[in-house]
file structure.csv (CSV, C-alpha atoms and all ligand atoms)
chain,number,residue,atom,x,y,z
A,5,MET,CA,3.2,12.3,-20.5
A,6,LYS,CA,5.5,9.4,-19.7
A,7,ALA,CA,8.5,10.1,-17.5
A,8,SER,CA,11.8,9.5,-19.3
A,9,SER,CA,14.9,8.8,-17.3
A,10,GLU,CA,13.7,10.9,-14.4
A,11,VAL,CA,15.5,10.5,-11.1
A,12,LEU,CA,13.7,11.0,-7.7
A,13,PRO,CA,15.1,13.6,-5.3
A,14,GLY,CA,17.8,12.3,-2.9
A,15,ALA,CA,17.2,10.8,0.5
A,16,GLY,CA,17.4,14.1,2.5
A,17,ASP,CA,14.1,15.6,1.5
A,18,ILE,CA,11.4,13.0,2.1
A,19,ASP,CA,8.5,15.4,1.5
A,20,LYS,CA,9.9,16.3,-1.9
A,21,LEU,CA,10.6,12.6,-2.7
A,22,LEU,CA,7.0,11.6,-1.8
A,23,SER,CA,5.4,14.5,-3.8
A,24,GLU,CA,7.6,13.9,-6.8
A,25,SER,CA,6.9,10.1,-6.9
A,26,ARG,CA,3.2,10.9,-6.4
A,27,ARG,CA,3.3,13.2,-9.5
A,28,LEU,CA,5.0,10.5,-11.6
A,29,VAL,CA,2.7,7.8,-10.4
A,30,GLU,CA,-0.4,9.8,-11.0
A,31,ALA,CA,0.6,10.7,-14.5
A,32,SER,CA,1.2,7.0,-15.3
A,33,LEU,CA,-2.0,5.9,-13.6
A,34,ASP,CA,-3.9,8.4,-15.8
A,35,GLU,CA,-2.4,6.7,-18.9
A,36,LEU,CA,-2.9,3.2,-17.7
A,37,LEU,CA,-6.6,3.5,-16.6
A,38,PRO,CA,-9.5,3.6,-19.1
A,39,ALA,CA,-10.7,7.2,-19.7
A,40,ALA,CA,-13.9,8.2,-17.9
A,41,ASP,CA,-15.7,8.8,-21.2
A,42,VAL,CA,-15.0,5.3,-22.6
A,43,SER,CA,-17.9,2.9,-22.3
A,44,PRO,CA,-18.9,1.6,-19.7
A,45,GLN,CA,-18.6,5.1,-18.4
A,46,LYS,CA,-20.0,4.6,-14.9
A,47,VAL,CA,-17.4,2.0,-13.9
A,48,HIS,CA,-14.6,4.0,-15.4
A,49,GLU,CA,-15.7,7.1,-13.6
A,50,ALA,CA,-15.9,5.2,-10.4
A,51,ILE,CA,-12.4,3.8,-10.8
A,52,ARG,CA,-11.1,7.3,-11.3
A,53,TRP,CA,-13.2,8.7,-8.4
A,54,SER,CA,-11.4,6.3,-6.0
A,55,VAL,CA,-7.9,6.3,-7.5
A,56,PHE,CA,-7.6,10.1,-7.9
A,57,ALA,CA,-8.9,10.9,-4.5
A,58,GLY,CA,-5.6,11.9,-3.0
A,59,GLY,CA,-4.1,8.8,-1.4
A,60,LYS,CA,-0.5,9.0,0.0
A,61,ARG,CA,0.8,6.7,-2.8
A,62,PHE,CA,3.0,5.1,-0.1
A,63,ARG,CA,3.4,1.7,-1.8
A,64,PRO,CA,4.4,3.1,-5.2
A,65,ALA,CA,6.8,5.5,-3.6
A,66,LEU,CA,8.3,2.6,-1.8
A,67,LEU,CA,8.7,0.6,-5.0
A,68,LEU,CA,10.4,3.5,-6.7
A,69,ALA,CA,12.7,4.1,-3.8
A,70,SER,CA,13.7,0.4,-3.6
A,71,GLY,CA,14.2,0.2,-7.3
A,72,GLN,CA,16.4,3.3,-7.3
A,73,THR,CA,18.4,2.0,-4.4
A,74,PHE,CA,19.4,-1.0,-6.5
A,75,GLY,CA,20.0,1.1,-9.6
A,76,ALA,CA,16.8,0.9,-11.8
A,77,PRO,CA,15.7,3.9,-13.8
A,78,VAL,CA,12.2,5.3,-12.8
A,79,GLU,CA,10.5,4.6,-16.2
A,80,VAL,CA,11.2,0.9,-15.8
A,81,LEU,CA,9.6,0.9,-12.4
A,82,LEU,CA,6.5,3.0,-12.9
A,83,ASN,CA,4.0,0.5,-14.3
A,84,THR,CA,4.6,-1.9,-11.4
A,85,ALA,CA,4.4,1.0,-9.0
A,86,CYS,CA,1.0,1.8,-10.5
A,87,ALA,CA,-0.1,-1.8,-10.3
A,88,LEU,CA,0.5,-1.8,-6.6
A,89,GLU,CA,-1.6,1.3,-6.2
A,90,MET,CA,-4.4,-0.2,-8.3
A,91,ILE,CA,-4.5,-3.3,-6.0
A,92,HIS,CA,-4.4,-1.1,-2.9
A,93,THR,CA,-7.2,1.1,-4.2
A,94,TYR,CA,-9.3,-2.0,-5.1
A,95,SER,CA,-8.8,-3.2,-1.5
A,96,LEU,CA,-10.0,0.1,-0.1
A,97,ILE,CA,-13.1,0.2,-2.3
A,98,HIS,CA,-14.1,-3.4,-1.3
A,99,ASP,CA,-13.2,-2.8,2.4
A,100,ASP,CA,-15.5,0.2,2.5
A,101,LEU,CA,-18.5,-1.8,1.2
A,102,PRO,CA,-21.5,-2.3,3.5
A,103,SER,CA,-20.8,-6.1,3.8
A,104,MET,CA,-17.2,-5.3,5.0
A,105,ASP,CA,-16.3,-2.2,7.0
A,106,ASP,CA,-19.4,-0.2,5.8
A,107,ASP,CA,-17.6,3.2,5.6
A,108,GLU,CA,-18.9,6.4,4.0
A,109,LEU,CA,-15.6,8.4,3.9
A,110,ARG,CA,-12.3,7.5,2.2
A,111,ARG,CA,-9.4,9.7,1.2
A,112,GLY,CA,-11.5,12.7,2.2
A,113,ARG,CA,-14.5,12.0,-0.1
A,114,PRO,CA,-17.6,9.8,-0.2
A,115,THR,CA,-16.7,6.1,-0.7
A,116,CYS,CA,-17.2,4.6,-4.1
A,117,HIS,CA,-20.4,2.8,-3.3
A,118,VAL,CA,-21.8,5.9,-1.7
A,119,ARG,CA,-20.9,8.2,-4.6
A,120,TYR,CA,-22.0,5.6,-7.2
A,121,ASP,CA,-23.7,2.3,-6.0
A,122,GLU,CA,-22.7,-1.0,-4.6
A,123,ALA,CA,-22.6,-2.9,-7.9
A,124,THR,CA,-20.5,-0.3,-9.5
A,125,ALA,CA,-18.1,-0.2,-6.5
A,126,ILE,CA,-17.7,-4.0,-6.7
A,127,LEU,CA,-17.0,-3.8,-10.4
A,128,ALA,CA,-14.5,-0.9,-10.0
A,129,GLY,CA,-12.6,-2.9,-7.5
A,130,ASP,CA,-12.6,-6.1,-9.7
A,131,ALA,CA,-11.5,-4.0,-12.7
A,132,LEU,CA,-8.6,-2.4,-10.8
A,133,GLN,CA,-7.4,-5.8,-9.9
A,134,SER,CA,-7.2,-7.1,-13.4
A,135,LEU,CA,-5.9,-3.7,-14.7
A,136,ALA,CA,-3.0,-4.1,-12.3
A,137,PHE,CA,-1.9,-7.4,-13.7
A,138,GLN,CA,-2.4,-6.1,-17.2
A,139,ALA,CA,-0.1,-3.1,-16.5
A,140,ILE,CA,2.7,-5.4,-15.7
A,141,ALA,CA,2.0,-8.1,-18.3
A,142,GLU,CA,2.0,-5.5,-21.1
A,143,HIS,CA,5.0,-3.4,-19.9
A,144,GLN,CA,7.4,-3.4,-22.9
A,145,LEU,CA,10.4,-2.1,-20.9
A,146,LEU,CA,10.6,-5.3,-18.8
A,147,GLU,CA,11.8,-8.7,-20.0
A,148,PRO,CA,9.0,-11.3,-20.2
A,149,GLN,CA,10.5,-13.4,-17.4
A,150,THR,CA,10.7,-10.4,-15.1
A,151,ARG,CA,7.0,-9.6,-15.8
A,152,VAL,CA,6.1,-13.2,-14.8
A,153,ARG,CA,8.1,-12.9,-11.6
A,154,LEU,CA,6.5,-9.6,-10.7
A,155,ILE,CA,3.0,-11.0,-11.4
A,156,THR,CA,3.8,-13.9,-9.2
A,157,GLU,CA,5.0,-11.6,-6.3
A,158,LEU,CA,1.9,-9.4,-6.6
A,159,SER,CA,-0.7,-12.2,-7.0
A,160,ARG,CA,0.7,-14.0,-3.9
A,161,ALA,CA,0.9,-10.7,-1.8
A,162,ALA,CA,-2.7,-9.7,-2.8
A,163,GLY,CA,-4.4,-13.0,-2.5
A,164,THR,CA,-4.6,-16.0,-0.2
A,165,PRO,CA,-3.3,-17.9,1.8
A,166,HIS,CA,-0.3,-15.7,2.2
A,167,GLY,CA,-1.6,-12.3,1.2
A,168,MET,CA,-4.0,-9.4,1.8
A,169,VAL,CA,-7.2,-11.4,1.1
A,170,ALA,CA,-6.2,-13.9,3.8
A,171,GLY,CA,-5.5,-11.0,6.2
A,172,GLN,CA,-8.8,-9.4,5.6
A,173,ALA,CA,-10.6,-12.7,6.1
A,174,LEU,CA,-8.8,-13.3,9.4
A,175,ASP,CA,-9.5,-9.7,10.5
A,176,ILE,CA,-13.2,-10.0,9.9
A,177,GLU,CA,-13.3,-13.4,11.7
A,178,ALA,CA,-11.4,-11.9,14.7
A,179,GLU,CA,-13.9,-9.0,15.2
A,180,ALA,CA,-15.6,-8.8,18.6
A,181,ARG,CA,-13.4,-11.6,20.1
A,182,GLU,CA,-10.2,-11.7,22.0
A,183,VAL,CA,-7.1,-12.2,19.8
A,184,THR,CA,-3.6,-13.3,20.9
A,185,SER,CA,-0.6,-11.2,20.1
A,186,GLU,CA,0.5,-13.9,17.6
A,187,GLU,CA,-2.9,-13.6,15.8
A,188,LEU,CA,-2.7,-9.9,15.7
A,189,GLU,CA,0.7,-9.9,14.2
A,190,GLU,CA,-0.4,-12.5,11.6
A,191,ILE,CA,-3.4,-10.3,10.6
A,192,HIS,CA,-1.2,-7.2,10.3
A,193,ARG,CA,1.5,-9.2,8.3
A,194,LEU,CA,-1.1,-10.4,5.8
A,195,LYS,CA,-3.5,-7.5,5.6
A,196,THR,CA,-1.0,-4.7,5.4
A,197,ALA,CA,2.7,-5.9,5.3
A,198,ALA,CA,2.2,-8.3,2.4
A,199,LEU,CA,1.7,-5.4,-0.1
A,200,VAL,CA,4.4,-3.3,1.6
A,201,ILE,CA,6.9,-6.2,1.3
A,202,CYS,CA,5.7,-6.7,-2.3
A,203,ALA,CA,6.5,-3.1,-3.2
A,204,VAL,CA,10.0,-3.3,-1.8
A,205,ARG,CA,10.8,-6.7,-3.4
A,206,CYS,CA,9.3,-5.7,-6.8
A,207,GLY,CA,11.5,-2.6,-7.0
A,208,ALA,CA,14.6,-4.6,-6.1
A,209,ILE,CA,13.7,-7.4,-8.5
A,210,ILE,CA,13.2,-5.0,-11.4
A,211,ALA,CA,16.6,-3.5,-10.6
A,212,GLY,CA,18.3,-6.9,-10.6
A,213,ALA,CA,19.3,-7.0,-6.9
A,214,ASN,CA,21.0,-10.3,-5.9
A,215,GLU,CA,19.5,-12.8,-3.5
A,216,THR,CA,21.4,-11.6,-0.4
A,217,GLU,CA,20.3,-8.0,-1.1
A,218,LEU,CA,16.7,-9.2,-1.7
A,219,ASP,CA,16.7,-11.1,1.7
A,220,ALA,CA,18.0,-8.0,3.5
A,221,VAL,CA,15.5,-5.6,1.9
A,222,THR,CA,12.7,-8.1,2.6
A,223,LYS,CA,13.5,-8.0,6.3
A,224,TYR,CA,13.5,-4.2,6.1
A,225,ALA,CA,10.0,-4.3,4.5
A,226,GLN,CA,8.6,-6.8,7.0
A,227,ASN,CA,9.4,-4.4,9.8
A,228,LEU,CA,8.3,-1.4,7.8
A,229,GLY,CA,4.9,-3.1,7.0
A,230,LEU,CA,4.4,-3.9,10.7
A,231,LEU,CA,5.4,-0.3,11.6
A,232,PHE,CA,2.9,1.1,8.9
A,233,GLN,CA,0.0,-0.9,10.4
A,234,ILE,CA,0.9,0.0,14.1
A,235,THR,CA,0.9,3.7,13.1
A,236,ASP,CA,-2.4,3.2,11.3
A,237,ASP,CA,-3.9,1.7,14.4
A,238,LEU,CA,-2.5,4.6,16.5
A,239,LEU,CA,-3.8,7.2,14.1
A,240,ASP,CA,-7.2,5.7,14.2
A,241,VAL,CA,-7.2,6.5,17.9
A,242,THR,CA,-5.4,9.8,17.9
A,243,ALA,CA,-6.0,11.6,14.6
A,244,THR,CA,-8.9,13.7,13.3
A,245,GLU,CA,-11.2,13.0,10.4
A,246,GLN,CA,-9.6,15.9,8.5
A,247,GLU,CA,-6.1,14.5,8.9
A,248,LEU,CA,-7.1,10.9,8.0
A,249,GLY,CA,-9.6,11.6,5.2
A,250,LYS,CA,-11.6,8.7,6.7
A,251,THR,CA,-13.7,8.1,9.8
A,252,PRO,CA,-11.4,7.9,13.0
A,253,GLY,CA,-12.4,5.6,15.9
A,254,LYS,CA,-13.8,3.0,13.6
A,255,ASP,CA,-11.5,0.2,14.9
A,256,ALA,CA,-12.7,0.5,18.5
A,257,ARG,CA,-16.4,0.8,17.4
A,258,SER,CA,-16.0,-2.4,15.2
A,259,GLU,CA,-14.0,-4.1,18.0
A,260,LYS,CA,-11.1,-4.6,15.7
A,261,ALA,CA,-7.9,-6.4,16.6
A,262,THR,CA,-5.4,-3.5,16.9
A,263,TYR,CA,-2.2,-2.8,18.8
A,264,PRO,CA,-3.8,-0.1,21.0
A,265,ALA,CA,-6.7,-2.4,21.8
A,266,LEU,CA,-4.4,-5.3,22.8
A,267,TYR,CA,-1.5,-3.4,24.4
A,268,GLY,CA,-2.7,0.2,25.1
A,269,LEU,CA,-1.3,3.3,23.5
A,270,GLU,CA,2.1,3.5,25.3
A,271,GLU,CA,3.0,-0.1,24.5
A,272,ALA,CA,1.8,0.3,20.9
A,273,ARG,CA,4.1,3.3,20.5
A,274,THR,CA,7.0,1.2,21.9
A,275,ALA,CA,6.2,-1.6,19.4
A,276,ALA,CA,6.3,1.0,16.6
A,277,THR,CA,9.7,2.3,17.8
A,278,LYS,CA,11.0,-1.3,17.8
A,279,ALA,CA,9.7,-2.1,14.3
A,280,HIS,CA,11.3,1.2,13.1
A,281,ARG,CA,14.6,0.2,14.7
A,282,ASP,CA,14.5,-3.3,13.3
A,283,ALA,CA,13.7,-1.9,9.8
A,284,VAL,CA,16.6,0.5,9.9
A,285,ALA,CA,19.0,-2.3,11.2
A,286,SER,CA,18.1,-4.5,8.3
A,287,LEU,CA,19.5,-1.9,5.9
A,288,SER,CA,23.0,-1.9,7.4
A,289,SER,CA,24.1,-5.1,5.5
A,290,ILE,CA,23.1,-3.6,2.1
A,291,ASN,CA,26.1,-2.1,0.3
A,292,ARG,CA,24.0,0.5,-1.6
A,293,PRO,CA,22.8,4.0,-1.0
A,294,THR,CA,19.9,3.1,1.4
A,295,GLY,CA,19.3,6.7,2.8
A,296,THR,CA,15.9,7.0,1.0
A,297,LEU,CA,14.7,3.7,2.5
A,298,ARG,CA,15.9,4.9,5.9
A,299,HIS,CA,14.0,8.2,5.5
A,300,ILE,CA,10.8,6.3,4.5
A,301,ALA,CA,11.0,4.3,7.8
A,302,ASP,CA,11.4,7.6,9.7
A,303,PHE,CA,8.4,9.1,7.8
A,304,THR,CA,6.3,6.0,8.6
A,305,LEU,CA,7.1,6.2,12.3
A,306,ASN,CA,6.3,9.9,12.5
A,307,ARG,CA,3.4,10.2,10.0
A,308,SER,CA,0.2,12.1,10.9
A,309,ARG,CA,-2.0,10.7,8.2
B,1,LIG,C1,-11.0,-6.1,0.7
B,1,LIG,C2,-9.3,-7.9,0.1
B,1,LIG,C3,-9.7,-6.7,0.8
B,1,LIG,C4,-8.7,-6.2,1.7
B,1,LIG,C5,-9.0,-4.9,2.4
B,1,LIG,C6,-7.2,-2.2,2.8
B,1,LIG,C7,-7.8,-3.2,3.7
B,1,LIG,C8,-7.7,-4.7,3.3
B,1,LIG,C9,-8.5,-2.8,4.7
B,1,LIG,C10,-8.6,-1.4,5.1
B,1,LIG,C11,-8.4,-1.2,6.6
B,1,LIG,C12,-6.9,-1.2,6.9
B,1,LIG,C13,-6.5,-0.7,8.2
B,1,LIG,C14,-6.1,-1.8,6.1
B,1,LIG,C15,-4.7,-1.9,6.3
B,1,LIG,C16,-4.0,-1.3,5.2
B,1,LIG,C17,-4.0,0.1,5.3
B,1,LIG,C18,-3.2,0.7,6.4
B,1,LIG,C19,-4.7,0.8,4.4
B,1,LIG,C20,-4.6,2.3,4.3
B,1,LIG,O1,-3.5,2.6,3.5
B,1,LIG,P1,-3.0,4.1,3.3
B,1,LIG,O2,-2.9,4.8,4.7
B,1,LIG,O3,-4.2,4.8,2.5
B,1,LIG,O4,-1.8,4.0,2.5
B,1,LIG,P2,-4.1,5.9,1.4
B,1,LIG,O5,-5.5,6.4,1.2
B,1,LIG,O6,-3.2,7.0,1.8
B,1,LIG,O7,-3.6,5.2,0.1
call {"tool": "encode", "arguments": {"input": "structure.csv", "output": "structure tokens", "more": "lines below"}}
Ligand code: GRG
result
Amino acid sequence: MKASSEVLPGAGDIDKLLSESRRLVEASLDELLPAADVSPQKVHEAIRWSVFAGGKRFRPALLLASGQTFGAPVEVLLNTACALEMIHTYSLIHDDLPSMDDDELRRGRPTCHVRYDEATAILAGDALQSLAFQAIAEHQLLEPQTRVRLITELSRAAGTPHGMVAGQALDIEAEAREVTSEELEEIHRLKTAALVICAVRCGAIIAGANETELDAVTKYAQNLGLLFQITDDLLDVTATEQELGKTPGKDARSEKATYPALYGLEEARTAATKAHRDAVASLSSINRPTGTLRHIADFTLNRSR
């Protein structure tokens, strides 16, 4: 059932906000994705296996929160929020493939290529990518020029040379060699922050935020994206398989470029605190109710999964 004029809970209760946006996003994803019994069934089952595996839905929640901060109703934001989650899930499916990170556990269940097979996992990822752009292109509640702008934002953030594919390529290339702090930041900026920034910007664009507001919220998102990846690096060292739903300790075993590897745990924690502080400071120039975005930054600093 499509949400109509629903409003997310206020800034105070971040858990409620995240669970409510998860509920709305999952209902919309269910509508937007091909049903599992539609031919070709195996690829549709595989898409649903990976999408409905219990991810945090952080990027869609962020898009909804940003959109609501600048005054957009939820139903206008939902398809783009789902598109972000589709792109993110495609990247996880492909990242887990034997030719990439070669992982067997994701979101607490066997990875797509383990549950199905490698060809099906590649196709599921490919299909999620095109379904994401379709979800925006066909969204009747948005003006055509807004759809084009959102597709531009998302394709740049997901692709190369300034997006996630570029980050993944640099990350693979940096394995098992020393990286500089500038290289590490570049990898994090492209591999992780690009989609986080895209989520925040797309919410603000849909809501019609002005250029000054868009600049300020982009700075918030740049710091939030960095913070999200530093905490991801830290959790890979400190959290359990049960908390993460994926194999911990993978970064060290693959000799990945990470904050703890380059700086040690304490300095990595200090870098996280600084990114959080900078993210929150960027909100101060926005004359809108930014409490929810502030609480999302707090959640990201303190997250345990
Ligand atoms: C294959 C083009 C391509 C890109 C892969 C997703 C990715 C890029 C690599 C996975 C490893 C990694 C640490 C990526 C950084 C992004 C990130 C922190 C992913 C995990 O996101 P969460 O924590 O996952 O939001 P859930 O499952 O909660 O959605």
call {"tool": "residues_near_ligand", "arguments": {"input": "structure.csv", "ligand": "ligand LIG 1 (chain B)", "cutoff": "6 Å", "atoms": "all atoms listed in the file", "output": "JSON, numbers by chain"}}
result
{"A": [59, 60, 61, 62, 95, 96, 98, 99, 111, 168, 169, 172, 195, 196, 233, 236]}
call {"tool": "closest_residue", "arguments": {"input": "structure.csv", "among": "A:Leu101, A:Leu269, A:Ala125, A:Leu231", "to": "Arg193 of chain A", "atoms": "only C-alpha atoms"}}
result
A:Leu231
call {"tool": "closest_residue", "arguments": {"input": "structure.csv", "among": "A:Leu88, A:Leu238, A:Ile97, A:Val47", "to": "Leu66 of chain A", "atoms": "only C-alpha atoms"}}
result
A:Leu88
call {"tool": "closest_residue", "arguments": {"input": "structure.csv", "among": "A:Ala208, A:Ile51, A:Val78, A:Ala139", "to": "Leu127 of chain A", "atoms": "all atoms listed in the file"}}
result
A:Ile51
call {"tool": "atom_distance", "arguments": {"input": "structure.csv", "atom1": "atom CA of Gly207 of chain A", "atom2": "atom CA of Gln149 of chain A"}}
result
15.0 Å
call {"tool": "residues_near_point", "arguments": {"input": "structure.csv", "point": "(9.0, -5.4, -5.4)", "cutoff": "9 Å", "atoms": "only C-alpha atoms", "output": "list in words"}}
result
Leu66, Leu67, Ser70, Gly71, Thr84, Ala85, Leu154, Glu157, Leu158, Val200, Ile201, Cys202, Ala203, Val204, Arg205, Cys206, Gly207, Ala208, Ile209 and Ile210 of chain A
call {"tool": "atom_distance", "arguments": {"input": "structure.csv", "atom1": "atom CA of Ala136 of chain A", "atom2": "atom CA of Phe303 of chain A"}}
result
26.6 Å
call {"tool": "closest_residue", "arguments": {"input": "structure.csv", "among": "A:Thr277, A:Ser32, A:Ser185, A:Thr296", "to": "Leu12 of chain A", "atoms": "all atoms listed in the file"}}
result
A:Thr296
call {"tool": "residues_around", "arguments": {"input": "structure.csv", "residues": "Ala178 of chain A", "least_positions_apart": "3", "cutoff": "12 Å", "atoms": "only C-alpha atoms", "output": "number ranges by chain"}}
result
A: 171-175, 181-184, 187-188, 190-191, 258-262
call {"tool": "closest_residue", "arguments": {"input": "structure.csv", "among": "A:Ser288, A:Gln144, A:Thr164, A:Thr222", "to": "Leu82 of chain A", "atoms": "only C-alpha atoms"}}
result
A:Gln144
call {"tool": "atom_distance", "arguments": {"input": "structure.csv", "atom1": "atom CA of Ala131 of chain A", "atom2": "atom CA of Arg26 of chain A"}}
result
21.9 Å
call {"tool": "residues_around", "arguments": {"input": "structure.csv", "residues": "Glu30 of chain A", "least_positions_apart": "4", "cutoff": "12 Å", "atoms": "all atoms listed in the file", "output": "PyMOL selection string"}}
result
chain A and resi 5-7+22-26+34-37+52+55-61+64-65+82-83+85-87+89-90
call {"tool": "residues_around", "arguments": {"input": "structure.csv", "residues": "Thr244 of chain A", "least_positions_apart": "6", "cutoff": "12 Å", "atoms": "all atoms listed in the file", "output": "list in words"}}
result
Gly112, Leu238, Lys250, Thr251, Pro252, Gly253, Lys254, Ser308 and Arg309 of chain A
call {"tool": "decode", "arguments": {"input": "structure.csv", "residues": "segment 188-203 of chain A", "atoms": "C-alpha atoms", "output": "JSON list (two decimals), in the first residue's frame"}}
result
[["chain", "number", "residue", "atom", "x", "y", "z"],
["A", 188, "LEU", "CA", 42.29, 6.76, 2.04],
["A", 189, "GLU", "CA", 40.03, 9.79, 2.26],
["A", 190, "GLU", "CA", 39.50, 9.75, -1.53],
["A", 191, "ILE", "CA", 38.52, 6.05, -1.45],
["A", 192, "HIS", "CA", 36.05, 6.66, 1.40],
["A", 193, "ARG", "CA", 34.67, 9.77, -0.27],
["A", 194, "LEU", "CA", 33.93, 7.90, -3.49],
["A", 195, "LYS", "CA", 33.03, 4.42, -2.26],
["A", 196, "THR", "CA", 30.74, 5.42, 0.59],
["A", 197, "ALA", "CA", 30.21, 9.16, 0.94],
["A", 198, "ALA", "CA", 29.10, 9.69, -2.69],
["A", 199, "LEU", "CA", 25.82, 7.79, -2.12],
["A", 200, "VAL", "CA", 25.30, 9.36, 1.32],
["A", 201, "ILE", "CA", 25.76, 12.84, -0.19],
["A", 202, "CYS", "CA", 23.44, 11.87, -3.04],
["A", 203, "ALA", "CA", 20.72, 10.82, -0.56]]
